[in-house]
file start.txt (compact mmCIF, C-alpha atoms)
# COMPACT_ATOMS: atom_id res chain seq x y z
CA MET Q 1 9.96 -17.85 9.53
CA VAL Q 2 6.99 -17.56 7.17
CA ARG Q 3 8.04 -16.37 3.73
CA SER Q 4 5.83 -13.70 2.21
CA VAL Q 5 4.86 -13.79 -1.42
CA LEU Q 6 4.98 -10.44 -3.19
CA PRO Q 7 1.88 -9.21 -5.03
CA SER Q 8 1.71 -10.48 -8.60
CA ARG Q 9 0.53 -7.17 -10.05
CA SER Q 10 2.06 -3.73 -9.99
CA ILE Q 11 0.32 -0.95 -8.11
CA MET Q 12 -2.04 1.11 -10.22
CA ALA Q 13 -0.76 4.15 -12.06
CA LEU Q 14 -0.67 7.37 -10.09
CA TRP Q 15 -1.01 9.79 -12.96
CA LEU Q 16 -3.58 12.09 -11.36
CA VAL Q 17 -1.46 12.83 -8.29
CA TYR Q 18 1.10 14.70 -10.33
CA ALA Q 19 -1.56 17.09 -11.59
CA VAL Q 20 -2.27 18.56 -8.17
CA GLY Q 21 1.22 19.85 -7.50
CA THR Q 22 3.69 18.83 -4.86
CA GLY Q 23 3.72 21.67 -2.37
CA GLY Q 24 7.45 22.21 -2.77
CA ALA Q 25 8.53 18.58 -3.30
CA SER Q 26 10.64 17.51 -6.24
CA VAL Q 27 8.77 14.67 -7.94
CA GLN Q 28 10.47 11.98 -10.00
CA ALA Q 29 8.26 9.49 -11.84
CA SER Q 30 8.72 7.04 -14.66
CA PRO Q 31 6.71 7.51 -17.87
CA SER Q 32 4.61 4.48 -16.91
CA GLY Q 33 3.62 6.03 -13.58
CA HIS Q 34 3.75 2.71 -11.70
CA ALA Q 35 4.36 3.17 -7.99
CA PRO Q 36 7.61 1.12 -7.80
CA HIS Q 37 9.11 3.82 -10.05
CA GLY Q 38 7.02 6.78 -8.87
CA THR Q 39 8.84 8.66 -6.13
CA VAL Q 40 8.79 11.91 -4.22
CA THR Q 41 11.97 13.70 -3.15
CA ILE Q 42 12.01 16.19 -0.28
CA GLU Q 43 15.31 17.82 0.74
CA GLY Q 44 17.30 15.02 -0.85
CA VAL Q 45 15.23 12.19 0.67
CA THR Q 46 13.48 10.07 -1.97
CA VAL Q 47 10.56 7.83 -1.01
CA PRO Q 48 7.88 5.83 -2.87
CA ASP Q 49 4.80 7.82 -3.81
CA VAL Q 50 1.38 7.02 -2.38
CA GLY Q 51 -1.23 5.16 -4.40
CA PRO Q 52 -3.93 2.48 -4.39
CA LEU Q 53 -3.25 -0.88 -2.77
CA PRO Q 54 -2.10 -3.75 -4.99
CA THR Q 55 -4.95 -5.87 -6.27
CA VAL Q 56 -3.39 -9.01 -4.76
CA VAL Q 57 -2.85 -9.41 -1.01
CA PRO Q 58 0.50 -10.90 0.04
CA ILE Q 59 -0.05 -14.46 1.29
CA PRO Q 60 2.75 -16.76 2.50
CA ALA Q 61 3.18 -19.97 0.51
CA THR Q 62 2.99 -21.92 3.77
CA ASN Q 63 -0.45 -20.56 4.68
CA LEU Q 64 -2.58 -20.24 1.57
CA ASN Q 65 -6.03 -18.88 2.29
CA TYR Q 66 -9.33 -20.49 1.45
CA ALA Q 67 -12.85 -19.99 2.70
CA ALA Q 68 -12.97 -22.69 5.38
CA LYS Q 69 -9.69 -21.57 6.94
CA ILE Q 70 -10.76 -17.92 6.93
CA GLU Q 71 -14.07 -18.79 8.59
CA LEU Q 72 -12.27 -20.79 11.28
CA GLY Q 73 -9.88 -17.91 11.85
CA LYS Q 74 -12.78 -15.50 12.17
CA GLN Q 75 -14.35 -17.66 14.86
CA LEU Q 76 -11.06 -17.82 16.78
CA TYR Q 77 -10.59 -14.05 16.42
CA PHE Q 78 -13.89 -13.44 18.24
CA ASP Q 79 -13.60 -16.28 20.76
CA GLY Q 80 -12.80 -15.23 24.33
CA ARG Q 81 -11.88 -18.81 25.14
CA LEU Q 82 -8.40 -18.10 23.83
CA SER Q 83 -7.84 -16.20 27.09
CA LYS Q 84 -7.43 -17.41 30.65
CA ASN Q 85 -10.77 -16.03 31.82
CA ASN Q 86 -12.59 -17.00 28.61
CA ALA Q 87 -13.60 -13.38 28.05
CA ILE Q 88 -10.79 -11.56 26.20
CA SER Q 89 -10.74 -12.20 22.46
CA CYS Q 90 -8.61 -10.68 19.71
CA ALA Q 91 -11.62 -8.49 18.89
CA PHE Q 92 -11.70 -7.12 22.43
CA CYS Q 93 -8.70 -4.92 21.61
CA HIS Q 94 -9.04 -4.93 17.80
CA ASN Q 95 -12.72 -4.17 17.50
CA PRO Q 96 -14.42 -3.92 14.08
CA GLY Q 97 -16.58 -1.13 15.52
CA THR Q 98 -13.51 1.04 16.15
CA GLY Q 99 -11.51 0.40 13.00
CA PHE Q 100 -10.25 -3.00 14.17
CA ALA Q 101 -8.34 -1.08 16.84
CA ASP Q 102 -9.09 0.02 20.42
CA ALA Q 103 -10.81 3.28 21.33
CA ARG Q 104 -9.14 3.16 24.75
CA GLN Q 105 -5.81 4.91 25.18
CA THR Q 106 -4.18 1.61 26.06
CA SER Q 107 -5.85 -1.79 26.11
CA ILE Q 108 -7.20 -3.77 29.07
CA GLY Q 109 -6.58 -7.48 29.47
CA VAL Q 110 -7.47 -10.35 31.79
CA GLY Q 111 -8.15 -9.21 35.36
CA GLY Q 112 -8.21 -5.55 34.35
CA GLY Q 113 -4.51 -5.46 33.51
CA VAL Q 114 -3.63 -2.27 31.65
CA GLY Q 115 -1.28 -2.46 28.69
CA GLY Q 116 1.34 0.15 27.97
CA ARG Q 117 0.57 0.64 24.30
CA GLN Q 118 -2.38 1.51 22.08
CA SER Q 119 -3.68 -1.46 20.09
CA PRO Q 120 -2.83 -0.91 16.40
CA THR Q 121 -5.41 -1.55 13.72
CA VAL Q 122 -5.68 -4.87 11.91
CA TYR Q 123 -6.52 -3.01 8.69
CA ASN Q 124 -4.04 -3.97 5.97
CA THR Q 125 -1.69 -5.81 8.32
CA ALA Q 126 -1.23 -8.25 5.44
CA PHE Q 127 1.00 -5.60 3.88
CA ASN Q 128 3.15 -5.02 7.00
CA HIS Q 129 6.73 -6.26 7.06
CA PHE Q 130 6.67 -6.22 10.86
CA GLN Q 131 3.89 -6.63 13.43
CA PHE Q 132 3.46 -4.84 16.79
CA TRP Q 133 4.69 -1.31 17.50
CA ASP Q 134 8.22 -2.61 18.10
CA GLY Q 135 8.22 -5.02 15.16
CA ARG Q 136 8.98 -8.07 17.28
CA ALA Q 137 6.90 -10.33 15.01
CA ARG Q 138 7.82 -10.82 11.38
CA SER Q 139 4.52 -12.38 10.29
CA LEU Q 140 0.82 -12.31 11.08
CA GLU Q 141 1.09 -15.94 12.14
CA GLU Q 142 3.69 -15.04 14.76
CA GLN Q 143 1.68 -12.02 15.86
CA ALA Q 144 -1.59 -13.93 16.20
CA ILE Q 145 -0.42 -16.12 19.08
CA GLY Q 146 1.66 -13.53 20.93
CA PRO Q 147 -1.20 -11.98 22.95
CA ILE Q 148 -2.45 -15.40 24.09
CA HIS Q 149 0.42 -15.92 26.52
CA ASN Q 150 1.02 -12.25 27.31
CA PRO Q 151 0.25 -11.88 31.05
CA VAL Q 152 -1.26 -8.42 30.56
CA GLU Q 153 -3.43 -9.44 27.62
CA MET Q 154 -5.00 -12.93 27.40
CA ALA Q 155 -2.81 -14.41 30.17
CA GLU Q 156 -3.28 -17.97 28.89
CA THR Q 157 -0.61 -20.55 28.07
CA HIS Q 158 -0.18 -21.90 24.58
CA GLU Q 159 -0.36 -25.45 25.88
CA HIS Q 160 -3.62 -24.91 27.75
CA VAL Q 161 -5.35 -23.04 24.96
CA VAL Q 162 -4.70 -25.99 22.64
CA THR Q 163 -6.12 -28.38 25.26
CA LYS Q 164 -9.13 -26.12 25.81
CA LEU Q 165 -10.04 -25.82 22.13
CA SER Q 166 -9.46 -29.54 21.58
CA LYS Q 167 -12.35 -30.26 23.93
CA ILE Q 168 -14.78 -28.24 21.79
CA LYS Q 169 -16.39 -30.58 19.28
CA GLY Q 170 -17.00 -27.88 16.68
CA TYR Q 171 -13.35 -26.89 16.68
CA GLN Q 172 -12.20 -30.52 16.57
CA GLN Q 173 -14.20 -31.04 13.39
CA GLN Q 174 -13.10 -27.81 11.72
CA PHE Q 175 -9.38 -28.20 12.45
CA ARG Q 176 -9.44 -31.72 11.05
CA ALA Q 177 -11.32 -30.57 7.96
CA VAL Q 178 -9.11 -27.53 7.33
CA PHE Q 179 -5.70 -28.76 8.42
CA GLY Q 180 -6.11 -32.54 8.45
CA ALA Q 181 -4.96 -32.62 12.07
CA ASP Q 182 -6.13 -32.02 15.61
CA VAL Q 183 -6.02 -28.56 17.19
CA ASN Q 184 -2.46 -27.27 17.50
CA LEU Q 185 -0.81 -23.91 18.06
CA GLN Q 186 0.52 -23.48 14.52
CA SER Q 187 -2.91 -24.10 13.02
CA ILE Q 188 -4.47 -21.60 15.43
CA ALA Q 189 -1.93 -19.02 14.27
CA GLU Q 190 -2.48 -19.78 10.59
CA ALA Q 191 -6.27 -19.62 10.83
CA ILE Q 192 -6.32 -16.27 12.66
CA ALA Q 193 -3.75 -14.84 10.25
CA ALA Q 194 -5.79 -16.04 7.27
CA TYR Q 195 -8.80 -14.13 8.57
CA GLU Q 196 -6.78 -11.00 9.37
CA ARG Q 197 -5.51 -10.89 5.79
CA THR Q 198 -9.10 -10.30 4.68
CA VAL Q 199 -9.43 -7.16 6.84
CA LEU Q 200 -8.65 -4.47 4.26
CA SER Q 201 -9.14 -0.74 4.04
CA THR Q 202 -9.31 0.21 0.38
CA ASN Q 203 -11.39 1.98 -2.28
CA SER Q 204 -11.26 5.24 -0.35
CA ALA Q 205 -12.05 8.65 -1.84
CA PHE Q 206 -8.30 9.01 -2.39
CA ASP Q 207 -8.15 5.70 -4.28
CA LYS Q 208 -11.04 6.78 -6.49
CA TYR Q 209 -9.43 10.18 -7.07
CA VAL Q 210 -6.09 8.82 -8.25
CA SER Q 211 -7.90 6.26 -10.35
CA GLY Q 212 -9.60 9.00 -12.37
CA ASP Q 213 -12.61 10.30 -10.44
CA GLN Q 214 -11.68 13.96 -10.01
CA LYS Q 215 -14.80 14.60 -7.92
CA ALA Q 216 -13.99 11.93 -5.33
CA MET Q 217 -12.01 14.40 -3.19
CA ASP Q 218 -13.05 17.99 -2.52
CA GLU Q 219 -10.71 20.96 -3.04
CA SER Q 220 -9.57 20.97 0.58
CA ALA Q 221 -8.53 17.31 0.40
CA VAL Q 222 -6.73 17.89 -2.91
CA ARG Q 223 -4.76 20.73 -1.32
CA GLY Q 224 -4.10 18.45 1.63
CA LEU Q 225 -2.64 15.80 -0.68
CA ALA Q 226 -0.22 18.36 -2.12
CA LEU Q 227 0.80 19.39 1.40
CA TYR Q 228 1.14 15.75 2.44
CA ARG Q 229 3.58 15.15 -0.41
CA GLY Q 230 5.44 18.42 0.13
CA LYS Q 231 5.51 21.05 2.84
CA ALA Q 232 3.99 18.84 5.57
CA ARG Q 233 6.55 16.07 4.87
CA CYS Q 234 4.10 13.32 5.89
CA ILE Q 235 5.10 11.17 2.92
CA LEU Q 236 8.66 10.78 4.22
CA CYS Q 237 7.36 8.13 6.64
CA HIS Q 238 3.81 7.43 5.48
CA ASN Q 239 4.52 6.45 1.90
CA GLY Q 240 3.70 3.69 -0.56
CA ALA Q 241 0.36 2.06 -1.23
CA ASN Q 242 -0.37 1.41 2.45
CA PHE Q 243 0.80 4.84 3.63
CA THR Q 244 3.63 3.42 5.76
CA ASP Q 245 7.33 2.86 5.15
CA ASN Q 246 7.23 -0.16 7.50
CA GLN Q 247 10.16 1.40 9.36
CA PHE Q 248 10.71 2.71 12.89
CA HIS Q 249 11.07 6.36 13.93
CA ASN Q 250 11.41 8.35 17.13
CA LEU Q 251 9.03 11.32 17.00
CA GLY Q 252 9.50 12.42 20.59
CA VAL Q 253 5.96 11.36 21.47
CA PRO Q 254 5.22 12.13 25.14
CA GLN Q 255 5.12 9.01 27.28
CA VAL Q 256 1.68 8.55 28.81
CA GLY Q 257 -0.11 5.59 30.31
CA PRO Q 258 1.22 3.06 32.83
CA MET Q 259 4.77 2.83 31.45
CA LYS Q 260 7.39 5.27 32.75
CA GLU Q 261 9.57 4.66 29.70
CA ASP Q 262 9.06 2.71 26.50
CA LEU Q 263 12.22 1.97 24.52
CA GLY Q 264 10.29 0.75 21.49
CA ARG Q 265 12.30 -0.94 18.76
CA PHE Q 266 15.46 -0.73 20.89
CA SER Q 267 14.10 -3.52 23.11
CA ILE Q 268 14.24 -5.82 20.08
CA THR Q 269 17.41 -4.75 18.27
CA ARG Q 270 19.48 -3.16 21.08
CA ALA Q 271 20.64 -0.67 18.45
CA GLU Q 272 20.93 2.90 19.78
CA LYS Q 273 19.37 4.29 16.62
CA ASP Q 274 16.17 2.44 17.57
CA ARG Q 275 15.85 3.83 21.10
CA GLY Q 276 12.31 5.21 21.45
CA ALA Q 277 11.48 4.38 17.82
CA PHE Q 278 8.13 2.86 16.86
CA LYS Q 279 6.68 1.41 13.68
CA THR Q 280 5.03 3.79 11.25
CA PRO Q 281 1.30 2.94 11.24
CA THR Q 282 -0.82 2.93 8.12
CA LEU Q 283 -2.93 6.04 7.63
CA ARG Q 284 -5.66 4.22 5.78
CA SER Q 285 -8.99 4.65 7.61
CA ILE Q 286 -7.08 6.66 10.22
CA THR Q 287 -10.26 8.52 11.21
CA GLU Q 288 -11.65 5.25 12.62
CA THR Q 289 -8.69 4.33 14.82
CA ALA Q 290 -8.25 7.10 17.41
CA PRO Q 291 -6.45 7.63 19.73
CA TYR Q 292 -3.10 7.97 18.01
CA MET Q 293 0.59 7.14 18.51
CA HIS Q 294 2.04 4.07 20.23
CA ASP Q 295 0.68 5.11 23.63
CA GLY Q 296 -2.52 6.80 22.50
CA ALA Q 297 -1.14 10.18 23.53
CA PHE Q 298 -3.32 12.17 21.11
CA LYS Q 299 -7.10 11.94 20.82
CA THR Q 300 -7.56 13.71 17.50
CA LEU Q 301 -5.87 14.13 14.14
CA GLU Q 302 -5.74 17.84 14.81
CA GLU Q 303 -3.59 17.17 17.90
CA VAL Q 304 -1.26 14.94 15.89
CA ILE Q 305 -0.82 17.55 13.16
CA GLU Q 306 -0.17 20.26 15.75
CA PHE Q 307 2.48 18.05 17.37
CA MET Q 308 4.21 17.34 14.06
CA ASP Q 309 3.95 20.99 13.00
CA GLN Q 310 6.01 21.88 16.06
CA GLY Q 311 8.69 19.42 15.02
CA GLY Q 312 7.66 16.55 17.26
CA GLY Q 313 8.73 16.30 20.87
CA SER Q 314 12.01 16.93 22.62
CA ASN Q 315 14.14 13.80 22.41
CA SER Q 316 17.87 13.21 22.01
CA ASN Q 317 17.17 10.45 19.47
CA LEU Q 318 14.60 12.35 17.42
CA SER Q 319 14.31 11.20 13.81
CA PRO Q 320 16.14 13.54 11.38
CA LEU Q 321 13.03 13.44 9.19
CA VAL Q 322 11.06 15.40 11.81
CA LYS Q 323 11.23 19.20 11.50
CA SER Q 324 9.10 22.23 12.33
CA LEU Q 325 6.69 22.80 9.47
CA GLY Q 326 5.20 26.28 9.83
CA LEU Q 327 1.75 25.22 8.65
CA THR Q 328 -1.07 27.74 8.57
CA VAL Q 329 -4.48 27.13 10.12
CA GLU Q 330 -5.91 26.54 6.64
CA GLU Q 331 -3.16 24.11 5.73
CA LYS Q 332 -3.74 22.08 8.86
CA ALA Q 333 -7.44 21.88 8.01
CA ASP Q 334 -6.58 20.74 4.47
CA LEU Q 335 -4.36 17.98 5.83
CA VAL Q 336 -7.19 16.72 8.02
CA ALA Q 337 -9.51 16.78 5.00
CA PHE Q 338 -7.05 14.63 3.06
CA LEU Q 339 -6.62 12.17 5.92
CA LYS Q 340 -10.40 11.80 6.06
CA ALA Q 341 -10.29 10.96 2.34
CA LEU Q 342 -8.22 7.87 3.21
CA THR Q 343 -11.21 6.20 4.87
CA GLY Q 344 -11.92 2.93 3.05
CA GLU Q 345 -15.29 1.60 2.07
CA PRO Q 346 -17.21 -0.14 4.88
CA ILE Q 347 -16.45 -3.82 5.43
CA LYS Q 348 -19.52 -6.05 5.31
CA PHE Q 349 -19.43 -7.78 8.63
CA ALA Q 350 -21.41 -10.33 10.63
CA MET Q 351 -20.44 -11.89 13.94
CA PRO Q 352 -19.54 -15.56 13.57
CA GLN Q 353 -21.36 -18.30 15.45
CA LEU Q 354 -18.86 -19.84 17.83
CA PRO Q 355 -18.66 -23.65 18.02
CA LYS Q 356 -19.66 -25.57 21.14

call {"tool": "encode", "arguments": {"input": "start.txt", "output": "structure tokens"}}
result
Amino acid sequence: MVRSVLPSRSIMALWLVYAVGTGGASVQASPSGHAPHGTVTIEGVTVPDVGPLPTVVPIPATNLNYAAKIELGKQLYFDGRLSKNNAISCAFCHNPGTGFADARQTSIGVGGGVGGRQSPTVYNTAFNHFQFWDGRARSLEEQAIGPIHNPVEMAETHEHVVTKLSKIKGYQQQFRAVFGADVNLQSIAEAIAAYERTVLSTNSAFDKYVSGDQKAMDESAVRGLALYRGKARCILCHNGANFTDNQFHNLGVPQVGPMKEDLGRFSITRAEKDRGAFKTPTLRSITETAPYMHDGAFKTLEEVIEFMDQGGGSNSNLSPLVKSLGLTVEEKADLVAFLKALTGEPIKFAMPQLPK
């Protein structure tokens, strides 16, 4: 298991958030205002407050990043030769043009195979404790090679993909230069993960607002932030610097797509509490990554808010954090305005030249 290294700096102070009110939440914060001590309490449930991302990205000690490794990982991320038909790359389902996610309800793999889940964004996955909707991978390295041998995704074998890349002179040279060894599965995983850790959504209007620019968010978004941290209860699951608790919840989301039933986290843990529970996604740059939920059930943020306002869906294992909200039309619009304010600054991007 790859061991993650915690950020070396504390999250920036969140002093401005407390000035906008909490919409009914009881706020507890330390005098310093640092996020590890800044919390929000709603109906006896205390969670970390939201705030800017740490200035240092978590990187495992066993896979330190540097420019040559990141560039190699970027090439692999966009290379369809990782798949059986040489056409399906990581970027095919995690497209930079659609928020490093997939605009389709569920993704399509080799031979037109249709997946049962919506492809989650790569934005800020460096900060995730678990990868995939069910959390079956505990690191980006483990996640990076999973789709390669998934029969519905890339449908390749790990053994053959190593053989295939080893025959490409450009890759031979780069793997030897970066890792001091020939192409191997672990190095493929480490290179892709190194690149994915550079895909960050940050410096949003929200980040600027809580860092002192009171004009960065308009009045509607400011009201939306107060609702988010109070009446709308969003912060109970979407909390912390990356707007996710990195936990798993059953929201009663309607099952759509090719799967008749998706047990979610239960398939990994076999714990009844996890039946139908899925990982809380980040809300950073959420406007770029529609459709929403694990199966892409909702096309718009308005649909998601309407669903949560009603108390989620009918399910015997519904999370106790989900309740009817009684939001007004104006409050729903304010929430959408705030979610739009979580859009990060554009990532400068250029397609890599793939080796031959």

call {"tool": "closest_residue", "arguments": {"input": "start.txt", "among": "Q:Ser89, Q:Ser187, Q:Ser201, Q:Thr244", "to": "Asn124 of chain Q", "atoms": "only C-alpha atoms"}}
result
Q:Ser201

call {"tool": "residues_around", "arguments": {"input": "start.txt", "residues": "segment 214-223 of chain Q", "least_positions_apart": "3", "cutoff": "6 Å", "atoms": "only C-alpha atoms", "output": "ChimeraX atom specification"}}
result
/Q:205,209,226,334,337-338

call {"tool": "closest_residue", "arguments": {"input": "start.txt", "among": "Q:Leu140, Q:Ala290, Q:Val322, Q:Gly73", "to": "Tyr171 of chain Q", "atoms": "all atoms listed in the file"}}
result
Q:Gly73

call {"tool": "atom_distance", "arguments": {"input": "start.txt", "atom1": "atom CA of Ala61 of chain Q", "atom2": "atom CA of Gln172 of chain Q"}}
result
24.6 Å

call {"tool": "closest_residue", "arguments": {"input": "start.txt", "among": "Q:Ala137, Q:Val161, Q:Val152, Q:Leu301", "to": "Ile188 of chain Q", "atoms": "all atoms listed in the file"}}
result
Q:Val161

call {"tool": "closest_residue", "arguments": {"input": "start.txt", "among": "Q:Gly146, Q:Pro52, Q:Gly344, Q:Pro352", "to": "Gln131 of chain Q", "atoms": "only C-alpha atoms"}}
result
Q:Gly146

call {"tool": "atom_distance", "arguments": {"input": "start.txt", "atom1": "atom CA of Glu345 of chain Q", "atom2": "atom CA of Gln75 of chain Q"}}
result
23.1 Å

call {"tool": "closest_residue", "arguments": {"input": "start.txt", "among": "Q:Val199, Q:Ile148, Q:Ala193, Q:Ala333", "to": "Asn65 of chain Q", "atoms": "only C-alpha atoms"}}
result
Q:Ala193

call {"tool": "closest_residue", "arguments": {"input": "start.txt", "among": "Q:Ala67, Q:Val40, Q:Leu76, Q:Val45", "to": "Pro355 of chain Q", "atoms": "only C-alpha atoms"}}
result
Q:Leu76

call {"tool": "atom_distance", "arguments": {"input": "start.txt", "atom1": "atom CA of Glu43 of chain Q", "atom2": "atom CA of Gly240 of chain Q"}}
result
18.3 Å

call {"tool": "residues_near_point", "arguments": {"input": "start.txt", "point": "(13.1, 8.3, 12.9)", "cutoff": "12 Å", "atoms": "only C-alpha atoms", "output": "JSON, numbers by chain"}}
result
{"Q": [236, 237, 238, 245, 246, 247, 248, 249, 250, 251, 252, 253, 264, 265, 272, 273, 274, 275, 276, 277, 278, 279, 280, 312, 315, 316, 317, 318, 319, 320, 321, 322, 323]}

call {"tool": "residues_around", "arguments": {"input": "start.txt", "residues": "Pro151 of chain Q", "least_positions_apart": "6", "cutoff": "12 Å", "atoms": "only C-alpha atoms", "output": "list in words"}}
result
Ser83, Lys84, Asn85, Ile108, Gly109, Val110, Gly111, Gly112, Gly113, Val114, Gly115, Thr157 and His158 of chain Q

call {"tool": "decode", "arguments": {"input": "start.txt", "residues": "segment 244-294 of chain Q", "atoms": "C-alpha atoms", "output": "PDB file, in the first residue's frame"}}
result
ATOM      1  CA  THR Q 244     -15.748  16.077   0.430  1.00  0.00           C
ATOM      2  CA  ASP Q 245     -15.620  14.058   3.633  1.00  0.00           C
ATOM      3  CA  ASN Q 246     -14.042  11.151   1.712  1.00  0.00           C
ATOM      4  CA  GLN Q 247     -16.757   8.927   3.171  1.00  0.00           C
ATOM      5  CA  PHE Q 248     -19.613   6.862   1.722  1.00  0.00           C
ATOM      6  CA  HIS Q 249     -23.333   7.650   1.956  1.00  0.00           C
ATOM      7  CA  ASN Q 250     -26.589   6.243   0.631  1.00  0.00           C
ATOM      8  CA  LEU Q 251     -28.708   9.102  -0.731  1.00  0.00           C
ATOM      9  CA  GLY Q 252     -31.385   6.944  -2.311  1.00  0.00           C
ATOM     10  CA  VAL Q 253     -30.257   7.937  -5.794  1.00  0.00           C
ATOM     11  CA  PRO Q 254     -32.474   6.285  -8.431  1.00  0.00           C
ATOM     12  CA  GLN Q 255     -30.708   3.466 -10.245  1.00  0.00           C
ATOM     13  CA  VAL Q 256     -30.412   4.243 -13.944  1.00  0.00           C
ATOM     14  CA  GLY Q 257     -28.201   2.919 -16.700  1.00  0.00           C
ATOM     15  CA  PRO Q 258     -27.369  -0.711 -17.516  1.00  0.00           C
ATOM     16  CA  MET Q 259     -27.157  -1.974 -13.919  1.00  0.00           C
ATOM     17  CA  LYS Q 260     -30.335  -3.234 -12.245  1.00  0.00           C
ATOM     18  CA  GLU Q 261     -28.788  -2.759  -8.807  1.00  0.00           C
ATOM     19  CA  ASP Q 262     -25.534  -1.236  -7.617  1.00  0.00           C
ATOM     20  CA  LEU Q 263     -24.532  -2.103  -4.052  1.00  0.00           C
ATOM     21  CA  GLY Q 264     -21.750   0.471  -3.982  1.00  0.00           C
ATOM     22  CA  ARG Q 265     -19.375   0.330  -1.034  1.00  0.00           C
ATOM     23  CA  PHE Q 266     -21.079  -2.840   0.244  1.00  0.00           C
ATOM     24  CA  SER Q 267     -19.424  -4.816  -2.558  1.00  0.00           C
ATOM     25  CA  ILE Q 268     -16.058  -3.949  -1.013  1.00  0.00           C
ATOM     26  CA  THR Q 269     -16.713  -4.094   2.737  1.00  0.00           C
ATOM     27  CA  ARG Q 270     -19.734  -6.439   2.954  1.00  0.00           C
ATOM     28  CA  ALA Q 271     -20.916  -4.212   5.801  1.00  0.00           C
ATOM     29  CA  GLU Q 272     -24.683  -3.612   5.795  1.00  0.00           C
ATOM     30  CA  LYS Q 273     -24.187   0.055   6.630  1.00  0.00           C
ATOM     31  CA  ASP Q 274     -22.455   0.428   3.246  1.00  0.00           C
ATOM     32  CA  ARG Q 275     -25.226  -1.089   1.130  1.00  0.00           C
ATOM     33  CA  GLY Q 276     -25.973   1.386  -1.673  1.00  0.00           C
ATOM     34  CA  ALA Q 277     -23.454   3.901  -0.323  1.00  0.00           C
ATOM     35  CA  PHE Q 278     -21.104   5.792  -2.640  1.00  0.00           C
ATOM     36  CA  LYS Q 279     -18.132   8.086  -2.133  1.00  0.00           C
ATOM     37  CA  THR Q 280     -18.823  11.770  -1.644  1.00  0.00           C
ATOM     38  CA  PRO Q 281     -17.423  13.563  -4.724  1.00  0.00           C
ATOM     39  CA  THR Q 282     -15.627  16.876  -4.570  1.00  0.00           C
ATOM     40  CA  LEU Q 283     -17.755  19.878  -5.482  1.00  0.00           C
ATOM     41  CA  ARG Q 284     -14.850  21.865  -6.830  1.00  0.00           C
ATOM     42  CA  SER Q 285     -15.487  22.784 -10.483  1.00  0.00           C
ATOM     43  CA  ILE Q 286     -18.762  20.868 -10.201  1.00  0.00           C
ATOM     44  CA  THR Q 287     -20.284  22.931 -13.032  1.00  0.00           C
ATOM     45  CA  GLU Q 288     -17.833  21.280 -15.463  1.00  0.00           C
ATOM     46  CA  THR Q 289     -18.547  17.659 -14.550  1.00  0.00           C
ATOM     47  CA  ALA Q 290     -22.225  16.968 -15.312  1.00  0.00           C
ATOM     48  CA  PRO Q 291     -24.053  14.614 -15.172  1.00  0.00           C
ATOM     49  CA  TYR Q 292     -24.149  13.958 -11.451  1.00  0.00           C
ATOM     50  CA  MET Q 293     -24.289  11.090  -8.943  1.00  0.00           C
ATOM     51  CA  HIS Q 294     -22.647   7.675  -9.277  1.00  0.00           C
TER      52      HIS Q 294
END
